[in-house]
file upload13.txt (compact mmCIF, N, CA and C atoms)
# COMPACT_ATOMS: atom_id res chain seq x y z
N MET A 1 0.83 -1.19 0.00
CA MET A 1 0.00 0.00 0.00
C MET A 1 0.87 1.25 0.00
N ARG A 2 1.88 1.29 0.87
CA ARG A 2 2.76 2.45 0.94
C ARG A 2 3.55 2.63 -0.35
N LEU A 3 3.97 1.50 -0.94
CA LEU A 3 4.73 1.57 -2.19
C LEU A 3 3.86 2.18 -3.29
N GLY A 4 2.59 1.80 -3.33
CA GLY A 4 1.67 2.35 -4.33
C GLY A 4 1.49 3.85 -4.16
N LEU A 5 1.34 4.31 -2.92
CA LEU A 5 1.20 5.74 -2.67
C LEU A 5 2.48 6.49 -3.02
N LEU A 6 3.62 5.88 -2.71
CA LEU A 6 4.90 6.50 -3.04
C LEU A 6 5.05 6.64 -4.55
N LEU A 7 4.72 5.59 -5.29
CA LEU A 7 4.81 5.64 -6.75
C LEU A 7 3.86 6.69 -7.32
N PHE A 8 2.66 6.74 -6.79
CA PHE A 8 1.69 7.75 -7.23
C PHE A 8 2.24 9.15 -6.99
N GLY A 9 2.81 9.40 -5.83
CA GLY A 9 3.39 10.69 -5.51
C GLY A 9 4.52 11.06 -6.45
N ILE A 10 5.37 10.09 -6.76
CA ILE A 10 6.49 10.33 -7.68
C ILE A 10 5.96 10.69 -9.06
N ILE A 11 4.93 9.99 -9.51
CA ILE A 11 4.35 10.27 -10.83
C ILE A 11 3.76 11.68 -10.87
N VAL A 12 3.01 12.05 -9.84
CA VAL A 12 2.39 13.38 -9.80
C VAL A 12 3.46 14.47 -9.81
N VAL A 13 4.48 14.32 -8.99
CA VAL A 13 5.56 15.31 -8.94
C VAL A 13 6.27 15.37 -10.30
N GLY A 14 6.49 14.23 -10.90
CA GLY A 14 7.14 14.20 -12.21
C GLY A 14 6.32 14.91 -13.28
N LEU A 15 5.01 14.69 -13.28
CA LEU A 15 4.15 15.36 -14.25
C LEU A 15 4.12 16.87 -14.04
N LEU A 16 4.07 17.29 -12.79
CA LEU A 16 4.09 18.72 -12.50
C LEU A 16 5.42 19.35 -12.92
N ALA A 17 6.51 18.64 -12.68
CA ALA A 17 7.82 19.15 -13.08
C ALA A 17 7.91 19.24 -14.60
N LEU A 18 7.38 18.24 -15.30
CA LEU A 18 7.40 18.24 -16.76
C LEU A 18 6.60 19.43 -17.30
N GLU A 19 5.44 19.66 -16.72
CA GLU A 19 4.60 20.78 -17.16
C GLU A 19 5.30 22.11 -16.89
N THR A 20 5.91 22.25 -15.74
CA THR A 20 6.59 23.49 -15.37
C THR A 20 7.80 23.74 -16.27
N CYS A 21 8.59 22.73 -16.53
CA CYS A 21 9.82 22.89 -17.30
C CYS A 21 9.57 23.08 -18.79
N THR A 22 8.57 22.39 -19.33
CA THR A 22 8.34 22.46 -20.78
C THR A 22 7.29 23.47 -21.17
N GLY A 23 6.43 23.86 -20.24
CA GLY A 23 5.35 24.77 -20.57
C GLY A 23 4.17 24.08 -21.23
N HIS A 24 4.26 22.77 -21.44
CA HIS A 24 3.16 22.01 -22.03
C HIS A 24 2.21 21.53 -20.96
N LYS A 25 0.94 21.52 -21.29
CA LYS A 25 -0.06 21.04 -20.34
C LYS A 25 0.00 19.51 -20.28
N VAL A 26 0.04 18.99 -19.08
CA VAL A 26 0.02 17.54 -18.88
C VAL A 26 -1.34 17.18 -18.32
N ARG A 27 -2.06 16.33 -19.05
CA ARG A 27 -3.42 15.98 -18.63
C ARG A 27 -3.56 14.47 -18.52
N LEU A 28 -4.20 14.05 -17.47
CA LEU A 28 -4.50 12.63 -17.32
C LEU A 28 -5.81 12.28 -18.00
N ASP A 29 -6.71 13.24 -18.10
CA ASP A 29 -8.00 13.05 -18.77
C ASP A 29 -7.90 13.66 -20.16
N PRO A 30 -8.00 12.84 -21.23
CA PRO A 30 -7.82 13.37 -22.58
C PRO A 30 -8.90 14.36 -23.01
N THR A 31 -10.03 14.42 -22.29
CA THR A 31 -11.07 15.38 -22.65
C THR A 31 -10.87 16.73 -22.00
N ASP A 32 -9.95 16.83 -21.05
CA ASP A 32 -9.64 18.15 -20.48
C ASP A 32 -9.11 19.03 -21.59
N GLY A 33 -9.54 20.26 -21.63
CA GLY A 33 -9.06 21.18 -22.66
C GLY A 33 -9.82 21.10 -23.96
N THR A 34 -10.86 20.27 -24.03
CA THR A 34 -11.67 20.17 -25.23
C THR A 34 -12.77 21.22 -25.18
N PHE A 35 -13.00 21.88 -26.30
CA PHE A 35 -14.05 22.89 -26.36
C PHE A 35 -14.59 22.98 -27.78
N ALA A 36 -15.78 23.58 -27.92
CA ALA A 36 -16.43 23.70 -29.22
C ALA A 36 -16.07 25.01 -29.89
N VAL A 37 -15.89 24.94 -31.20
CA VAL A 37 -15.74 26.13 -32.03
C VAL A 37 -16.75 26.03 -33.17
N VAL A 38 -17.00 27.14 -33.82
CA VAL A 38 -17.98 27.18 -34.90
C VAL A 38 -17.24 27.34 -36.23
N LEU A 39 -17.52 26.41 -37.17
CA LEU A 39 -17.05 26.56 -38.55
C LEU A 39 -18.17 27.25 -39.31
N ASP A 40 -17.91 28.44 -39.82
CA ASP A 40 -18.94 29.26 -40.45
C ASP A 40 -18.71 29.35 -41.95
N ASN A 41 -19.68 28.84 -42.73
CA ASN A 41 -19.59 28.97 -44.18
C ASN A 41 -20.06 30.37 -44.56
N ASP A 42 -19.13 31.28 -44.53
CA ASP A 42 -19.42 32.68 -44.85
C ASP A 42 -19.20 32.96 -46.34
N THR A 43 -19.32 31.92 -47.16
CA THR A 43 -19.17 32.06 -48.61
C THR A 43 -20.54 32.03 -49.27
N GLN A 44 -20.55 32.17 -50.58
CA GLN A 44 -21.80 32.12 -51.35
C GLN A 44 -22.04 30.75 -51.97
N ALA A 45 -21.22 29.76 -51.59
CA ALA A 45 -21.32 28.43 -52.19
C ALA A 45 -21.55 27.36 -51.13
N THR A 46 -22.16 26.26 -51.55
CA THR A 46 -22.29 25.10 -50.68
C THR A 46 -20.92 24.42 -50.65
N VAL A 47 -20.48 24.05 -49.45
CA VAL A 47 -19.18 23.40 -49.30
C VAL A 47 -19.33 22.13 -48.48
N VAL A 48 -18.35 21.25 -48.61
CA VAL A 48 -18.26 20.06 -47.78
C VAL A 48 -17.02 20.23 -46.91
N VAL A 49 -17.19 20.06 -45.62
CA VAL A 49 -16.11 20.22 -44.65
C VAL A 49 -15.84 18.85 -44.04
N GLU A 50 -14.58 18.42 -44.12
CA GLU A 50 -14.20 17.09 -43.64
C GLU A 50 -13.05 17.21 -42.65
N GLN A 51 -13.20 16.61 -41.48
CA GLN A 51 -12.09 16.59 -40.54
C GLN A 51 -11.03 15.65 -41.08
N CYS A 52 -9.81 16.15 -41.16
CA CYS A 52 -8.71 15.40 -41.77
C CYS A 52 -7.89 14.64 -40.74
N ASP A 53 -7.15 13.69 -41.25
CA ASP A 53 -6.08 13.07 -40.51
C ASP A 53 -4.88 14.00 -40.67
N VAL A 54 -3.72 13.56 -40.33
CA VAL A 54 -2.52 14.40 -40.33
C VAL A 54 -2.24 15.04 -41.69
N LYS A 55 -2.47 14.33 -42.79
CA LYS A 55 -2.16 14.87 -44.11
C LYS A 55 -3.39 15.00 -45.00
N CYS A 56 -4.57 14.94 -44.43
CA CYS A 56 -5.83 15.06 -45.17
C CYS A 56 -6.00 13.97 -46.23
N ASN A 57 -5.29 12.85 -46.09
CA ASN A 57 -5.52 11.72 -46.99
C ASN A 57 -6.55 10.75 -46.40
N VAL A 58 -6.91 10.96 -45.14
CA VAL A 58 -7.96 10.21 -44.47
C VAL A 58 -8.86 11.24 -43.80
N VAL A 59 -10.18 11.08 -43.97
CA VAL A 59 -11.11 12.03 -43.36
C VAL A 59 -12.00 11.30 -42.36
N HIS A 60 -12.53 12.08 -41.44
CA HIS A 60 -13.38 11.52 -40.38
C HIS A 60 -14.77 12.11 -40.50
N SER A 61 -15.09 13.10 -39.72
CA SER A 61 -16.42 13.71 -39.74
C SER A 61 -16.60 14.53 -41.02
N VAL A 62 -17.81 14.47 -41.58
CA VAL A 62 -18.11 15.19 -42.82
C VAL A 62 -19.37 16.02 -42.61
N TYR A 63 -19.31 17.29 -43.04
CA TYR A 63 -20.45 18.20 -42.91
C TYR A 63 -20.66 18.91 -44.24
N LYS A 64 -21.91 18.95 -44.72
CA LYS A 64 -22.26 19.71 -45.91
C LYS A 64 -22.94 20.99 -45.43
N LEU A 65 -22.37 22.13 -45.81
CA LEU A 65 -22.87 23.41 -45.34
C LEU A 65 -23.30 24.28 -46.52
N VAL A 66 -24.54 24.73 -46.50
CA VAL A 66 -25.02 25.68 -47.50
C VAL A 66 -24.49 27.06 -47.12
N PRO A 67 -24.58 28.03 -48.03
CA PRO A 67 -24.08 29.37 -47.69
C PRO A 67 -24.67 29.89 -46.38
N HIS A 68 -23.81 30.44 -45.57
CA HIS A 68 -24.15 31.06 -44.29
C HIS A 68 -24.63 30.07 -43.23
N GLN A 69 -24.41 28.79 -43.45
CA GLN A 69 -24.71 27.78 -42.42
C GLN A 69 -23.43 27.53 -41.64
N SER A 70 -23.57 27.09 -40.40
CA SER A 70 -22.40 26.81 -39.57
C SER A 70 -22.61 25.49 -38.84
N VAL A 71 -21.51 24.98 -38.30
CA VAL A 71 -21.54 23.75 -37.53
C VAL A 71 -20.57 23.89 -36.36
N ARG A 72 -20.95 23.33 -35.22
CA ARG A 72 -20.06 23.33 -34.05
C ARG A 72 -19.25 22.03 -34.06
N VAL A 73 -17.95 22.17 -33.89
CA VAL A 73 -17.05 21.01 -33.83
C VAL A 73 -16.15 21.16 -32.60
N ASN A 74 -15.59 20.06 -32.18
CA ASN A 74 -14.70 20.09 -31.01
C ASN A 74 -13.25 20.17 -31.42
N THR A 75 -12.48 20.85 -30.61
CA THR A 75 -11.03 20.91 -30.76
C THR A 75 -10.45 20.97 -29.35
N SER A 76 -9.15 21.15 -29.25
CA SER A 76 -8.54 21.21 -27.91
C SER A 76 -7.56 22.36 -27.84
N ASP A 77 -7.14 22.64 -26.61
CA ASP A 77 -6.16 23.71 -26.39
C ASP A 77 -4.76 23.15 -26.21
N SER A 78 -4.50 21.99 -26.78
CA SER A 78 -3.22 21.30 -26.59
C SER A 78 -2.18 21.62 -27.65
N SER A 79 -2.41 22.65 -28.46
CA SER A 79 -1.48 23.02 -29.54
C SER A 79 -1.22 21.88 -30.51
N VAL A 80 -2.28 21.10 -30.78
CA VAL A 80 -2.18 19.97 -31.71
C VAL A 80 -2.97 20.33 -32.96
N PRO A 81 -2.35 20.21 -34.15
CA PRO A 81 -3.08 20.53 -35.38
C PRO A 81 -4.38 19.73 -35.49
N ASN A 82 -5.44 20.40 -35.92
CA ASN A 82 -6.75 19.78 -36.08
C ASN A 82 -7.32 20.33 -37.39
N TRP A 83 -6.98 19.68 -38.50
CA TRP A 83 -7.29 20.17 -39.83
C TRP A 83 -8.69 19.79 -40.28
N TYR A 84 -9.33 20.72 -40.99
CA TYR A 84 -10.60 20.48 -41.67
C TYR A 84 -10.42 20.91 -43.12
N MET A 85 -10.69 19.99 -44.05
CA MET A 85 -10.56 20.26 -45.48
C MET A 85 -11.91 20.74 -46.02
N VAL A 86 -11.87 21.74 -46.88
CA VAL A 86 -13.08 22.31 -47.47
C VAL A 86 -13.05 22.05 -48.97
N THR A 87 -14.11 21.42 -49.47
CA THR A 87 -14.23 21.17 -50.91
C THR A 87 -15.50 21.83 -51.44
N ASP A 88 -15.49 22.09 -52.74
CA ASP A 88 -16.69 22.67 -53.35
C ASP A 88 -17.65 21.53 -53.73
N GLY A 89 -18.76 21.88 -54.35
CA GLY A 89 -19.77 20.89 -54.71
C GLY A 89 -19.28 19.82 -55.66
N ALA A 90 -18.24 20.11 -56.43
CA ALA A 90 -17.69 19.15 -57.38
C ALA A 90 -16.59 18.29 -56.76
N GLY A 91 -16.28 18.52 -55.50
CA GLY A 91 -15.24 17.75 -54.83
C GLY A 91 -13.84 18.32 -54.98
N VAL A 92 -13.73 19.51 -55.56
CA VAL A 92 -12.43 20.17 -55.72
C VAL A 92 -12.04 20.80 -54.38
N ILE A 93 -10.81 20.51 -53.95
CA ILE A 93 -10.33 21.05 -52.67
C ILE A 93 -10.10 22.55 -52.79
N ALA A 94 -10.80 23.30 -51.94
CA ALA A 94 -10.63 24.76 -51.91
C ALA A 94 -9.51 25.14 -50.95
N GLY A 95 -9.30 24.34 -49.91
CA GLY A 95 -8.27 24.61 -48.92
C GLY A 95 -8.64 24.01 -47.58
N CYS A 96 -7.94 24.40 -46.54
CA CYS A 96 -8.15 23.84 -45.21
C CYS A 96 -8.16 24.93 -44.15
N VAL A 97 -8.74 24.61 -43.01
CA VAL A 97 -8.61 25.44 -41.82
C VAL A 97 -7.99 24.55 -40.74
N ASN A 98 -7.18 25.15 -39.91
CA ASN A 98 -6.51 24.42 -38.83
C ASN A 98 -7.01 24.96 -37.50
N LEU A 99 -7.68 24.13 -36.74
CA LEU A 99 -8.17 24.53 -35.43
C LEU A 99 -7.07 24.28 -34.40
N LEU A 100 -6.03 25.08 -34.46
CA LEU A 100 -4.86 24.95 -33.60
C LEU A 100 -4.94 26.02 -32.52
N PHE A 101 -5.15 25.58 -31.28
CA PHE A 101 -5.30 26.50 -30.16
C PHE A 101 -4.34 26.12 -29.04
N ASP A 102 -3.79 27.13 -28.35
CA ASP A 102 -2.95 26.88 -27.18
C ASP A 102 -3.65 27.28 -25.90
N HIS A 103 -4.89 27.74 -26.03
CA HIS A 103 -5.73 28.06 -24.86
C HIS A 103 -7.19 27.89 -25.29
N MET A 104 -8.06 27.71 -24.31
CA MET A 104 -9.48 27.54 -24.62
C MET A 104 -10.05 28.83 -25.17
N GLU A 105 -10.82 28.70 -26.23
CA GLU A 105 -11.51 29.83 -26.84
C GLU A 105 -12.91 29.36 -27.24
N PRO A 106 -13.73 29.00 -26.24
CA PRO A 106 -15.06 28.46 -26.54
C PRO A 106 -15.88 29.39 -27.43
N ASP A 107 -16.58 28.77 -28.37
CA ASP A 107 -17.45 29.47 -29.31
C ASP A 107 -16.69 30.40 -30.25
N ALA A 108 -15.40 30.15 -30.45
CA ALA A 108 -14.66 30.90 -31.47
C ALA A 108 -15.31 30.60 -32.82
N ILE A 109 -15.32 31.57 -33.69
CA ILE A 109 -15.90 31.40 -35.03
C ILE A 109 -14.76 31.38 -36.04
N VAL A 110 -14.70 30.30 -36.81
CA VAL A 110 -13.66 30.14 -37.84
C VAL A 110 -14.35 30.27 -39.20
N SER A 111 -13.98 31.28 -39.95
CA SER A 111 -14.58 31.55 -41.26
C SER A 111 -14.00 30.63 -42.32
N LEU A 112 -14.88 30.01 -43.10
CA LEU A 112 -14.42 29.10 -44.14
C LEU A 112 -13.97 29.85 -45.40
N SER A 113 -14.08 31.16 -45.40
CA SER A 113 -13.57 31.95 -46.52
C SER A 113 -12.09 32.25 -46.35
N ARG A 114 -11.52 31.92 -45.19
CA ARG A 114 -10.10 32.20 -44.91
C ARG A 114 -9.36 30.87 -44.84
N LEU A 115 -9.10 30.29 -46.00
CA LEU A 115 -8.51 28.95 -46.07
C LEU A 115 -7.00 29.00 -46.22
N LEU A 116 -6.37 27.96 -45.73
CA LEU A 116 -4.92 27.75 -45.86
C LEU A 116 -4.69 26.58 -46.80
N ALA A 117 -3.44 26.39 -47.20
CA ALA A 117 -3.09 25.18 -47.95
C ALA A 117 -3.24 23.99 -47.02
N CYS A 118 -3.73 22.88 -47.57
CA CYS A 118 -3.90 21.67 -46.78
C CYS A 118 -2.53 21.00 -46.56
N PRO A 119 -2.38 20.29 -45.43
CA PRO A 119 -1.10 19.62 -45.16
C PRO A 119 -0.88 18.48 -46.16
N THR A 120 0.37 18.30 -46.52
CA THR A 120 0.70 17.21 -47.47
C THR A 120 1.74 16.30 -46.88

call {"tool": "encode", "arguments": {"input": "upload13.txt", "output": "structure tokens"}}
result
Amino acid sequence: MRLGLLLFGIIVVGLLALETCTGHKVRLDPTDGTFAVVLDNDTQATVVVEQCDVKCNVVHSVYKLVPHQSVRVNTSDSSVPNWYMVTDGAGVIAGCVNLLFDHMEPDAIVSLSRLLACPT
């Protein structure tokens, strides 16, 4: 029992030291730091928005947005890239948005008219 408590204490101190020294948030619960942002189709065209994998060669969630429609999606404040690819009605890639945050910004609005090059 004492050995377990000692090990737990060492782990906690180590995680705190890692966070202090590196400036990175250390979380035991992966949902800590998760918050919703709004993807806003502020264009005049219907678009398809797809959550990408690291290089946008694999997609996950897919949303079809008519002009001026929006959707709430989750991201985190862990400074981890979270790409969404935007395509037009014909499937041509218009570009990507990266929901990269280092702090919580709940209900932030990300305009789909301000696209970046997609990761390759």

call {"tool": "closest_residue", "arguments": {"input": "upload13.txt", "among": "A:Asp53, A:Asp32, A:Asp40, A:Asp107", "to": "Asp77 (chain A)", "atoms": "only C-alpha atoms"}}
result
A:Asp32

call {"tool": "closest_residue", "arguments": {"input": "upload13.txt", "among": "A:His68, A:Thr75, A:Gly33, A:Cys118", "to": "Cys56 (chain A)", "atoms": "only C-alpha atoms"}}
result
A:Cys118

call {"tool": "residues_around", "arguments": {"input": "upload13.txt", "residues": "Pro67 (chain A)", "least_positions_apart": "6", "cutoff": "8 Å", "atoms": "only N, CA and C atoms", "output": "PyMOL selection string"}}
result
chain A and resi 40-47

call {"tool": "atom_distance", "arguments": {"input": "upload13.txt", "atom1": "CA of Val80 (chain A)", "atom2": "CA of Val66 (chain A)"}}
result
28.3 Å

call {"tool": "atom_distance", "arguments": {"input": "upload13.txt", "atom1": "CA of Ile109 (chain A)", "atom2": "CA of Gly95 (chain A)"}}
result
17.2 Å

call {"tool": "closest_residue", "arguments": {"input": "upload13.txt", "among": "A:Ala108, A:Val86, A:Leu65, A:Val97", "to": "Ala36 (chain A)", "atoms": "all atoms listed in the file"}}
result
A:Ala108

call {"tool": "closest_residue", "arguments": {"input": "upload13.txt", "among": "A:Tyr84, A:Asn57, A:Ser111, A:Ala90", "to": "Ser70 (chain A)", "atoms": "only C-alpha atoms"}}
result
A:Ser111

call {"tool": "residues_around", "arguments": {"input": "upload13.txt", "residues": "Asn74 (chain A)", "least_positions_apart": "3", "cutoff": "7 Å", "atoms": "all atoms listed in the file", "output": "list in words"}}
result
Thr34, Phe35, Ala36 and Val37 of chain A

call {"tool": "atom_distance", "arguments": {"input": "upload13.txt", "atom1": "CA of Asp102 (chain A)", "atom2": "CA of Val62 (chain A)"}}
result
24.7 Å

call {"tool": "residues_around", "arguments": {"input": "upload13.txt", "residues": "Phe101 (chain A)", "least_positions_apart": "6", "cutoff": "7 Å", "atoms": "all atoms listed in the file", "output": "PDB file with N, CA and C atoms, in the frame of the given file"}}
result
ATOM      1  N   SER A  76      -9.150  21.150 -29.250  1.00  0.00           N
ATOM      2  CA  SER A  76      -8.540  21.210 -27.910  1.00  0.00           C
ATOM      3  C   SER A  76      -7.560  22.360 -27.840  1.00  0.00           C
ATOM      4  N   ASP A  77      -7.140  22.640 -26.610  1.00  0.00           N
ATOM      5  CA  ASP A  77      -6.160  23.710 -26.390  1.00  0.00           C
ATOM      6  C   ASP A  77      -4.760  23.150 -26.210  1.00  0.00           C
ATOM      7  N   SER A  78      -4.500  21.990 -26.780  1.00  0.00           N
ATOM      8  CA  SER A  78      -3.220  21.300 -26.590  1.00  0.00           C
ATOM      9  C   SER A  78      -2.180  21.620 -27.650  1.00  0.00           C
ATOM     10  N   SER A  79      -2.410  22.650 -28.460  1.00  0.00           N
ATOM     11  CA  SER A  79      -1.480  23.020 -29.540  1.00  0.00           C
ATOM     12  C   SER A  79      -1.220  21.880 -30.510  1.00  0.00           C
ATOM     13  N   VAL A  80      -2.280  21.100 -30.780  1.00  0.00           N
ATOM     14  CA  VAL A  80      -2.180  19.970 -31.710  1.00  0.00           C
ATOM     15  C   VAL A  80      -2.970  20.330 -32.960  1.00  0.00           C
ATOM     16  N   PRO A  81      -2.350  20.210 -34.150  1.00  0.00           N
ATOM     17  CA  PRO A  81      -3.080  20.530 -35.380  1.00  0.00           C
ATOM     18  C   PRO A  81      -4.380  19.730 -35.490  1.00  0.00           C
ATOM     19  N   ASN A  82      -5.440  20.400 -35.920  1.00  0.00           N
ATOM     20  CA  ASN A  82      -6.750  19.780 -36.080  1.00  0.00           C
ATOM     21  C   ASN A  82      -7.320  20.330 -37.390  1.00  0.00           C
TER      22      ASN A  82
END

call {"tool": "closest_residue", "arguments": {"input": "upload13.txt", "among": "A:Val54, A:Leu39, A:Met85, A:Val49", "to": "Val110 (chain A)", "atoms": "all atoms listed in the file"}}
result
A:Leu39

call {"tool": "closest_residue", "arguments": {"input": "upload13.txt", "among": "A:Val48, A:Val38, A:Thr120, A:Pro106", "to": "Gly89 (chain A)", "atoms": "all atoms listed in the file"}}
result
A:Val48
